[in-house]
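Enquirer: One structure is given below, represented as structure tokens, and several questions about it will come after.
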Amino acid sequence: MMITDRTVLVVGVLALVLLAGRTTNAQRARGELRIEVRDPQGAVVPTEAELVSDANQFRRTFHVGLDGRYVVQDLAFGVYRLSVSTEGFAPWSGLVEVRSEVPVRVSVSLGLAPVATQVQVSDSATLLDPSRTGTVYPLGRQTLGEAVATQPGRGLSDLVNDLPGWLYEANGVLHPRGSEYDVQYVIDGLPITANRSPAFAPSLDADAVDSMRVLTANYPAEYGRKLGGIVEVTTEKNVPSGLHGQFDASGGSFGTANGSAGVSYSHGKDRFSISGDAFHTDRYLDPPVLANYTNRASADGFSASYERDFSDRDRLRLTVSHNIVRFLVPNELVQQEAGQQQDITNTETTGQVYFQHIISSELLLSVSGSVRDAAATLSSNPFATPVIVLQDRGYREGYVRADLAGHHGHHDWKVGADAIFNPVHESLQYTITDPTQFDPGTQQQFQFLDHRWDVEPSAYAQDQIRLGYWNLSAGLRIDHYGFVVQESAWSPRIGVSRYFPSANLLLHASYDRVFQTPALENLLLASSSQLDSLNPIVVRLPVEPARGYYYEAGVTKSFFGKLRLDANVFRRDFRNYSDDDVLLDTGVSFPIAFAKGRITGEEVRIEVPHWGRFSGYLSYANQVGIGQGPITGGLFLGSDASNALTDTSRFPVSQDQRNTARARLRLQATRHLWLALGGEYGSGLPADTRGAGPSLLLAQFGPEILNEVNLARGRVKPNFALDAGAGFEVYRKEQRSAALQIQAANLTDRVNVINFASLFSGTAVAPPRSVSGRLKLTF
């Protein structure tokens, strides 16, 4: 472990901040609503209530108990309509704004019922958030509940991929606005910066998720390290009193079977939940050929949580989880004929503690910590070609955080600090079995073993200011990175917006300076000087953190109180632009960095939360991504090394799809039946065959795949998929329900090639026509 004086200074300062406590919640960006209902004499009233925000895709009905109180946790910031009604009293409805992590208290006084009652506030008042200063896309309970993934492990990422600016590459790797490896998931406040795609980590249980928010610009200063895009994931915490549970079973094409179950119990100030899930499938990753060879996978996992309110001011939450996935790496035609088999196992165990204390009506202190143990192994049988690869890598990440959030006048501010302490180990060896696939002189055997500590402290301050119809968000963050290199950076963030109420129009613009740490997976090897022995022509340099400069301007407007338009233009400039290098379709990838990168684009999304019986969206994104060498990092063999590592030319990045369009239309046909139709079009990603002739490509991938590539243009041909779904609620009474769902994907059975012969992403084919069904029970 290399520790410099700067590291000691930064760690020391942050330790003082953490211990002081008064200048220090995990990353949440969510608030809490505390409701109290009374009659005209001041007596408490049990009642039914509904909370709605169309801008946040949030709609929830609940029962206020005999004590007249109810707490709604983890509400995304925004405007909500609260409605309260009970027999003998006039209905009450009003707007509530949640802008801070400090709980919002609402006291409702019900009047006696008149002969006729009119409720003035409607859902249209929540269609647009007039205080937003950047692009935010919410995904609510209905959207999550009606999604059935074609391939297991992608339930949440499929929904994110449907948003403007997001794009899949091979094996479910998400790319937000052209960024690779820079997606950060924040799960109940716990930031996870490691790659969450199916080939790198066990999947998240989508049935346990209550809502998500997705950000691609105007990041609060509390977010750092990975800032291509942020996916905030919130699990269900508003558990009704008593014992409740759910069971979910699904299955479909490719021999796929999924199952999950969960039980929760709430009594007084205590809440407990436990859940488990498992799946098996014969199509897990995106294979390089149409035949889908050696693509089996199975997974299982569980999670448990306990939460206690010690008082109205103090809350403690404990969470543990364990997940494992085992799968095979899909073969090319030549590898299948040779009898190759490559097995990968990814394991992850996590424990988290969170505590919050309400200091006053305007101040909230929170502290949290977690330990996450992750491991990945790869083994190849003796028939692997053109190379046998063995790998064992992992890390045990410790994370601590403390924050102080406050509200005062026009300000909603927050300050805090966090740190990662992470011992990392890597072991990899390869043996070339087919020397004809490599240049003469390529080293036939190689072995690597290393371990090192990763230390990453940071601190931040941010404020959201509202002055009339003007909004300003500003923040400053400092990061130190101490792993393969030692670097520090200051990152200012600023966003501004102006709301025009007469036109239901919001204009916004933002600037983010970001400091992005390299991907952790195989980083020690990718940065090691030991690789110089593979190619002595090139001097190996460590992969350094990326420096990014993000610009966005946009407009949001609502029409008729039913439809919302979001339109944005953006530009991202990078130094040390992050990407990855896949080793010969083995499933092992290595971090790399281009010297420079620039991504520009435009995005438009029209969304109808509900208009009569209809809802849906239509989106379009245009994007251009250009990178420039030379390259640092990676594991390139033969001529690939000298060519890639020294080339200083400009080129389209591997995720440079110029045009992407998506649409979905949903019809609530009856009270219990819904129907949906969706489609997606992509103009195609770059295809760099590196001089390989058609005969060699034909032998590797087959004619069906080669026909979907325009070799003259160097791009994959356009792809298109049409999907349909339906759901029927068989039974519902209070908390008990039973529902059936069916979904068909790629109805036209089109061959859609995702990547082709890419030096960085390999070759991958999207699934053919498939059908899935699901049964969901709750009690």
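Please note that chains go A, B, ... in the order of the structure tokens, that every chain numbers its residues from 1, and that ligands are numbered from 1 in the order shown.
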If DSSP is run on the backbone, what residues of region 321-435 of chain A are helix (DSSP H, G or I)? A reply as a ChimeraX atom specification would be ideal.
Expert: /A:333-338,435
Enquirer: Would you output that residue set with N, CA and C atoms, as a tab-separated table (two decimals), in the first residue's frame?
Expert:
chain	number	residue	atom	x	y	z
A	333	LEU	N	-18.14	-20.43	-32.83
A	333	LEU	CA	-18.26	-21.70	-33.56
A	333	LEU	C	-17.00	-22.55	-33.41
A	334	VAL	N	-15.83	-21.93	-33.60
A	334	VAL	CA	-14.56	-22.68	-33.51
A	334	VAL	C	-14.36	-23.22	-32.10
A	335	GLN	N	-14.70	-22.43	-31.10
A	335	GLN	CA	-14.53	-22.87	-29.71
A	335	GLN	C	-15.48	-24.01	-29.36
A	336	GLN	N	-16.69	-23.96	-29.90
A	336	GLN	CA	-17.65	-25.03	-29.64
A	336	GLN	C	-17.18	-26.34	-30.26
A	337	GLU	N	-16.63	-26.28	-31.47
A	337	GLU	CA	-16.13	-27.49	-32.13
A	337	GLU	C	-14.95	-28.07	-31.37
A	338	ALA	N	-14.18	-27.21	-30.72
A	338	ALA	CA	-13.02	-27.69	-29.96
A	338	ALA	C	-13.41	-28.27	-28.60
A	435	PRO	N	-1.34	-20.96	-31.38
A	435	PRO	CA	-0.41	-19.85	-31.69
A	435	PRO	C	-0.68	-19.20	-33.04
Enquirer: Find the residues around region 721-736 of chain A up to 10 Å (only C-alpha atoms counted), leave out those fewer than 2 positions away in its own chain, and share them as a PyMOL selection string.
Expert: chain A and resi 146-148+240+244-246+662-668+670-682+719+738-752+766-779
Enquirer: Using only C-alpha atoms, which protein or nucleic acid residues come within 10 Å of region 304-311 of chain A? Drop anything in the same chain fewer than 2 positions from it, and give the result as an MDAnalysis selection string.
Expert: chainID A and resid 237 262:276 302 313:322 351:358
Enquirer: Please measure the separation of CA of Leu506 (chain A) and CA of Arg658 (chain A), giving the value in Å to one decimal.
Expert: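 That distance, rounded to one decimal, is 27.3 Å.
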Enquirer: Taking only C-alpha atoms into account, which of A:Phe254, A:Phe594, A:Phe701, A:Phe500 comes nearest Glu180 (chain A)?
Expert: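 Going through A:Phe254, A:Phe594, A:Phe701, A:Phe500 one by one, the smallest distance to Glu180 (chain A) is for A:Phe594.
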Enquirer: List the spatial neighbours of region 40-44 of chain A as a ChimeraX atom specification - criterion: any atom at most 9 Å away, only C-alpha atoms, same-chain residues fewer than 5 positions off excluded.
Expert: /A:66-69,109-112
Enquirer: What does the file look like for those residues with N, CA, C and O atoms, as a PDB file, in the first residue's frame?
Expert:
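out-v4.pdb was written with the following content:
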ATOM      1  N   LEU A  66     -55.250   4.154  14.279  1.00  0.00           N
ATOM      2  CA  LEU A  66     -56.045   4.707  15.376  1.00  0.00           C
ATOM      3  C   LEU A  66     -55.359   5.881  16.064  1.00  0.00           C
ATOM      4  O   LEU A  66     -56.030   6.705  16.705  1.00  0.00           O
ATOM      5  N   ASP A  67     -54.036   5.966  15.942  1.00  0.00           N
ATOM      6  CA  ASP A  67     -53.341   7.091  16.561  1.00  0.00           C
ATOM      7  C   ASP A  67     -53.338   8.327  15.673  1.00  0.00           C
ATOM      8  O   ASP A  67     -52.787   9.376  16.044  1.00  0.00           O
ATOM      9  N   GLY A  68     -53.968   8.220  14.474  1.00  0.00           N
ATOM     10  CA  GLY A  68     -54.071   9.361  13.581  1.00  0.00           C
ATOM     11  C   GLY A  68     -52.772   9.752  12.911  1.00  0.00           C
ATOM     12  O   GLY A  68     -52.683  10.852  12.339  1.00  0.00           O
ATOM     13  N   ARG A  69     -51.760   8.886  12.927  1.00  0.00           N
ATOM     14  CA  ARG A  69     -50.459   9.225  12.384  1.00  0.00           C
ATOM     15  C   ARG A  69     -50.011   8.199  11.343  1.00  0.00           C
ATOM     16  O   ARG A  69     -50.354   7.024  11.413  1.00  0.00           O
ATOM     17  N   SER A 109     -56.585  18.864   9.341  1.00  0.00           N
ATOM     18  CA  SER A 109     -57.773  19.035  10.178  1.00  0.00           C
ATOM     19  C   SER A 109     -58.996  18.830   9.310  1.00  0.00           C
ATOM     20  O   SER A 109     -59.264  19.615   8.390  1.00  0.00           O
ATOM     21  N   LEU A 110     -59.748  17.764   9.559  1.00  0.00           N
ATOM     22  CA  LEU A 110     -60.916  17.433   8.759  1.00  0.00           C
ATOM     23  C   LEU A 110     -62.148  18.184   9.259  1.00  0.00           C
ATOM     24  O   LEU A 110     -62.405  18.244  10.463  1.00  0.00           O
ATOM     25  N   GLY A 111     -62.862  18.750   8.302  1.00  0.00           N
ATOM     26  CA  GLY A 111     -64.115  19.398   8.648  1.00  0.00           C
ATOM     27  C   GLY A 111     -65.281  18.448   8.510  1.00  0.00           C
ATOM     28  O   GLY A 111     -65.179  17.392   7.877  1.00  0.00           O
ATOM     29  N   LEU A 112     -66.419  18.814   9.116  1.00  0.00           N
ATOM     30  CA  LEU A 112     -67.611  17.982   8.991  1.00  0.00           C
ATOM     31  C   LEU A 112     -68.114  17.990   7.564  1.00  0.00           C
ATOM     32  O   LEU A 112     -68.015  18.992   6.852  1.00  0.00           O
TER      33      LEU A 112
END
Enquirer: Which residue gives the smallest distance to Ser53 (chain A) among A:Ala170, A:Leu95, A:Ala621, A:Val588, with only C-alpha atoms counted?
Expert: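 Between A:Ala170, A:Leu95, A:Ala621, A:Val588, the residue approaching Ser53 (chain A) most closely is A:Leu95.
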Enquirer: May I ask which of the residues A:Phe200, A:Trp470, A:Phe279, A:Tyr293 is the closest one to Ala149 (chain A), counting only C-alpha atoms?
Expert: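 The shortest atom-to-atom distance to Ala149 (chain A) comes from A:Phe279.
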Enquirer: So how many Å separate CA of Arg60 (chain A) and CA of Ser250 (chain A), to one decimal?
Expert: 25.6 Å
Enquirer: Would you list the contacts of region 185-198 of chain A as JSON, numbers by chain, taking every protein, DNA or RNA residue within 7 Å and counting only C-alpha atoms, but skipping same-chain residues closer than 5 positions in sequence?
Expert: {"A": [26, 27, 28, 153, 171, 172, 173, 203, 226, 230, 231, 232, 233, 234, 235, 519, 520]}
Enquirer: Could you save those same residues with all heavy atoms as a tab-separated table (two decimals), in the first residue's frame?
Expert:
chain	number	residue	atom	x	y	z
A	26	ALA	N	-26.36	8.48	4.50
A	26	ALA	CA	-25.85	7.93	3.26
A	26	ALA	C	-26.43	8.72	2.10
A	26	ALA	O	-27.28	9.57	2.30
A	26	ALA	CB	-26.25	6.47	3.17
A	27	GLN	N	-25.94	8.43	0.88
A	27	GLN	CA	-26.44	9.15	-0.28
A	27	GLN	C	-27.90	8.78	-0.50
A	27	GLN	O	-28.20	7.67	-0.89
A	27	GLN	CB	-25.61	8.78	-1.51
A	27	GLN	CG	-24.17	9.20	-1.37
A	27	GLN	CD	-23.32	8.69	-2.50
A	27	GLN	OE1	-23.66	7.70	-3.12
A	27	GLN	NE2	-22.20	9.33	-2.74
A	28	ARG	N	-28.81	9.74	-0.28
A	28	ARG	CA	-30.21	9.40	-0.34
A	28	ARG	C	-30.99	10.29	-1.28
A	28	ARG	O	-31.75	9.81	-2.09
A	28	ARG	CB	-30.84	9.45	1.06
A	28	ARG	CG	-30.23	8.48	2.05
A	28	ARG	CD	-30.89	8.62	3.40
A	28	ARG	NE	-32.26	8.16	3.39
A	28	ARG	CZ	-33.25	8.79	4.01
A	28	ARG	NH1	-33.02	9.91	4.65
A	28	ARG	NH2	-34.48	8.31	3.98
A	153	GLY	N	-31.43	-11.47	-14.47
A	153	GLY	CA	-30.35	-10.60	-14.05
A	153	GLY	C	-30.40	-9.21	-14.63
A	153	GLY	O	-29.53	-8.39	-14.34
A	171	ASN	N	-23.70	-8.12	-23.19
A	171	ASN	CA	-23.87	-8.70	-21.85
A	171	ASN	C	-24.47	-7.72	-20.84
A	171	ASN	O	-24.13	-7.74	-19.65
A	171	ASN	CB	-22.53	-9.25	-21.33
A	171	ASN	CG	-21.97	-10.30	-22.24
A	171	ASN	OD1	-22.71	-11.09	-22.83
A	171	ASN	ND2	-20.65	-10.32	-22.39
A	172	GLY	N	-25.35	-6.87	-21.33
A	172	GLY	CA	-26.10	-6.01	-20.42
A	172	GLY	C	-25.30	-4.92	-19.75
A	172	GLY	O	-25.66	-4.47	-18.66
A	173	VAL	N	-24.21	-4.46	-20.38
A	173	VAL	CA	-23.41	-3.36	-19.82
A	173	VAL	C	-24.06	-2.04	-20.23
A	173	VAL	O	-24.16	-1.74	-21.42
A	173	VAL	CB	-21.95	-3.41	-20.30
A	173	VAL	CG1	-21.16	-2.24	-19.73
A	173	VAL	CG2	-21.31	-4.73	-19.91
A	203	SER	N	-27.18	-10.28	-9.69
A	203	SER	CA	-28.20	-9.27	-9.97
A	203	SER	C	-28.91	-8.83	-8.70
A	203	SER	O	-28.91	-9.53	-7.68
A	203	SER	CB	-29.24	-9.83	-10.96
A	203	SER	OG	-29.91	-10.94	-10.38
A	226	LYS	N	-18.06	7.49	-9.67
A	226	LYS	CA	-18.59	7.00	-10.95
A	226	LYS	C	-19.79	7.87	-11.30
A	226	LYS	O	-20.84	7.80	-10.65
A	226	LYS	CB	-19.02	5.53	-10.84
A	226	LYS	CG	-17.87	4.56	-10.60
A	226	LYS	CD	-17.01	4.43	-11.84
A	226	LYS	CE	-15.97	3.32	-11.68
A	226	LYS	NZ	-14.96	3.62	-10.66
A	230	ILE	N	-26.31	7.92	-12.61
A	230	ILE	CA	-26.64	7.48	-11.26
A	230	ILE	C	-27.99	6.78	-11.28
A	230	ILE	O	-28.96	7.31	-11.83
A	230	ILE	CB	-26.70	8.67	-10.28
A	230	ILE	CG1	-25.38	9.42	-10.25
A	230	ILE	CG2	-27.08	8.18	-8.88
A	230	ILE	CD1	-24.25	8.67	-9.62
A	231	VAL	N	-28.07	5.59	-10.69
A	231	VAL	CA	-29.32	4.85	-10.55
A	231	VAL	C	-29.61	4.70	-9.06
A	231	VAL	O	-28.95	3.91	-8.37
A	231	VAL	CB	-29.25	3.47	-11.23
A	231	VAL	CG1	-30.60	2.75	-11.09
A	231	VAL	CG2	-28.87	3.61	-12.69
A	232	GLU	N	-30.54	5.50	-8.55
A	232	GLU	CA	-30.93	5.42	-7.14
A	232	GLU	C	-32.01	4.35	-6.99
A	232	GLU	O	-33.06	4.43	-7.63
A	232	GLU	CB	-31.48	6.76	-6.66
A	232	GLU	CG	-30.49	7.91	-6.70
A	232	GLU	CD	-31.12	9.22	-6.30
A	232	GLU	OE1	-32.35	9.24	-6.07
A	232	GLU	OE2	-30.41	10.23	-6.22
A	233	VAL	N	-31.76	3.36	-6.16
A	233	VAL	CA	-32.68	2.24	-5.95
A	233	VAL	C	-33.18	2.30	-4.50
A	233	VAL	O	-32.37	2.34	-3.57
A	233	VAL	CB	-31.99	0.90	-6.22
A	233	VAL	CG1	-32.94	-0.27	-5.96
A	233	VAL	CG2	-31.47	0.86	-7.65
A	234	THR	N	-34.50	2.30	-4.34
A	234	THR	CA	-35.10	2.34	-3.00
A	234	THR	C	-35.98	1.11	-2.81
A	234	THR	O	-36.87	0.84	-3.62
A	234	THR	CB	-35.95	3.60	-2.82
A	234	THR	OG1	-35.13	4.76	-3.06
A	234	THR	CG2	-36.51	3.69	-1.42
A	235	THR	N	-35.71	0.35	-1.76
A	235	THR	CA	-36.53	-0.82	-1.46
A	235	THR	C	-37.72	-0.40	-0.60
A	235	THR	O	-37.75	0.68	-0.02
A	235	THR	CB	-35.72	-1.89	-0.73
A	235	THR	OG1	-35.19	-1.33	0.48
A	235	THR	CG2	-34.56	-2.37	-1.60
A	519	ALA	N	-12.30	1.62	-13.24
A	519	ALA	CA	-12.99	0.40	-12.83
A	519	ALA	C	-12.05	-0.48	-12.02
A	519	ALA	O	-10.87	-0.63	-12.35
A	519	ALA	CB	-13.51	-0.35	-14.05
A	520	LEU	N	-12.58	-1.07	-10.95
A	520	LEU	CA	-11.75	-1.85	-10.05
A	520	LEU	C	-11.39	-3.23	-10.61
A	520	LEU	O	-10.34	-3.78	-10.30
A	520	LEU	CB	-12.48	-2.00	-8.71
A	520	LEU	CG	-11.68	-2.55	-7.53
A	520	LEU	CD1	-10.57	-1.58	-7.16
A	520	LEU	CD2	-12.62	-2.77	-6.34
Enquirer: I'd like to know which of A:Leu507, A:Val289, A:Glu222, A:Leu328 is closest to Asp463 (chain A), using only C-alpha atoms.
Expert: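 Among A:Leu507, A:Val289, A:Glu222, A:Leu328, it is A:Glu222 that comes nearest to Asp463 (chain A).
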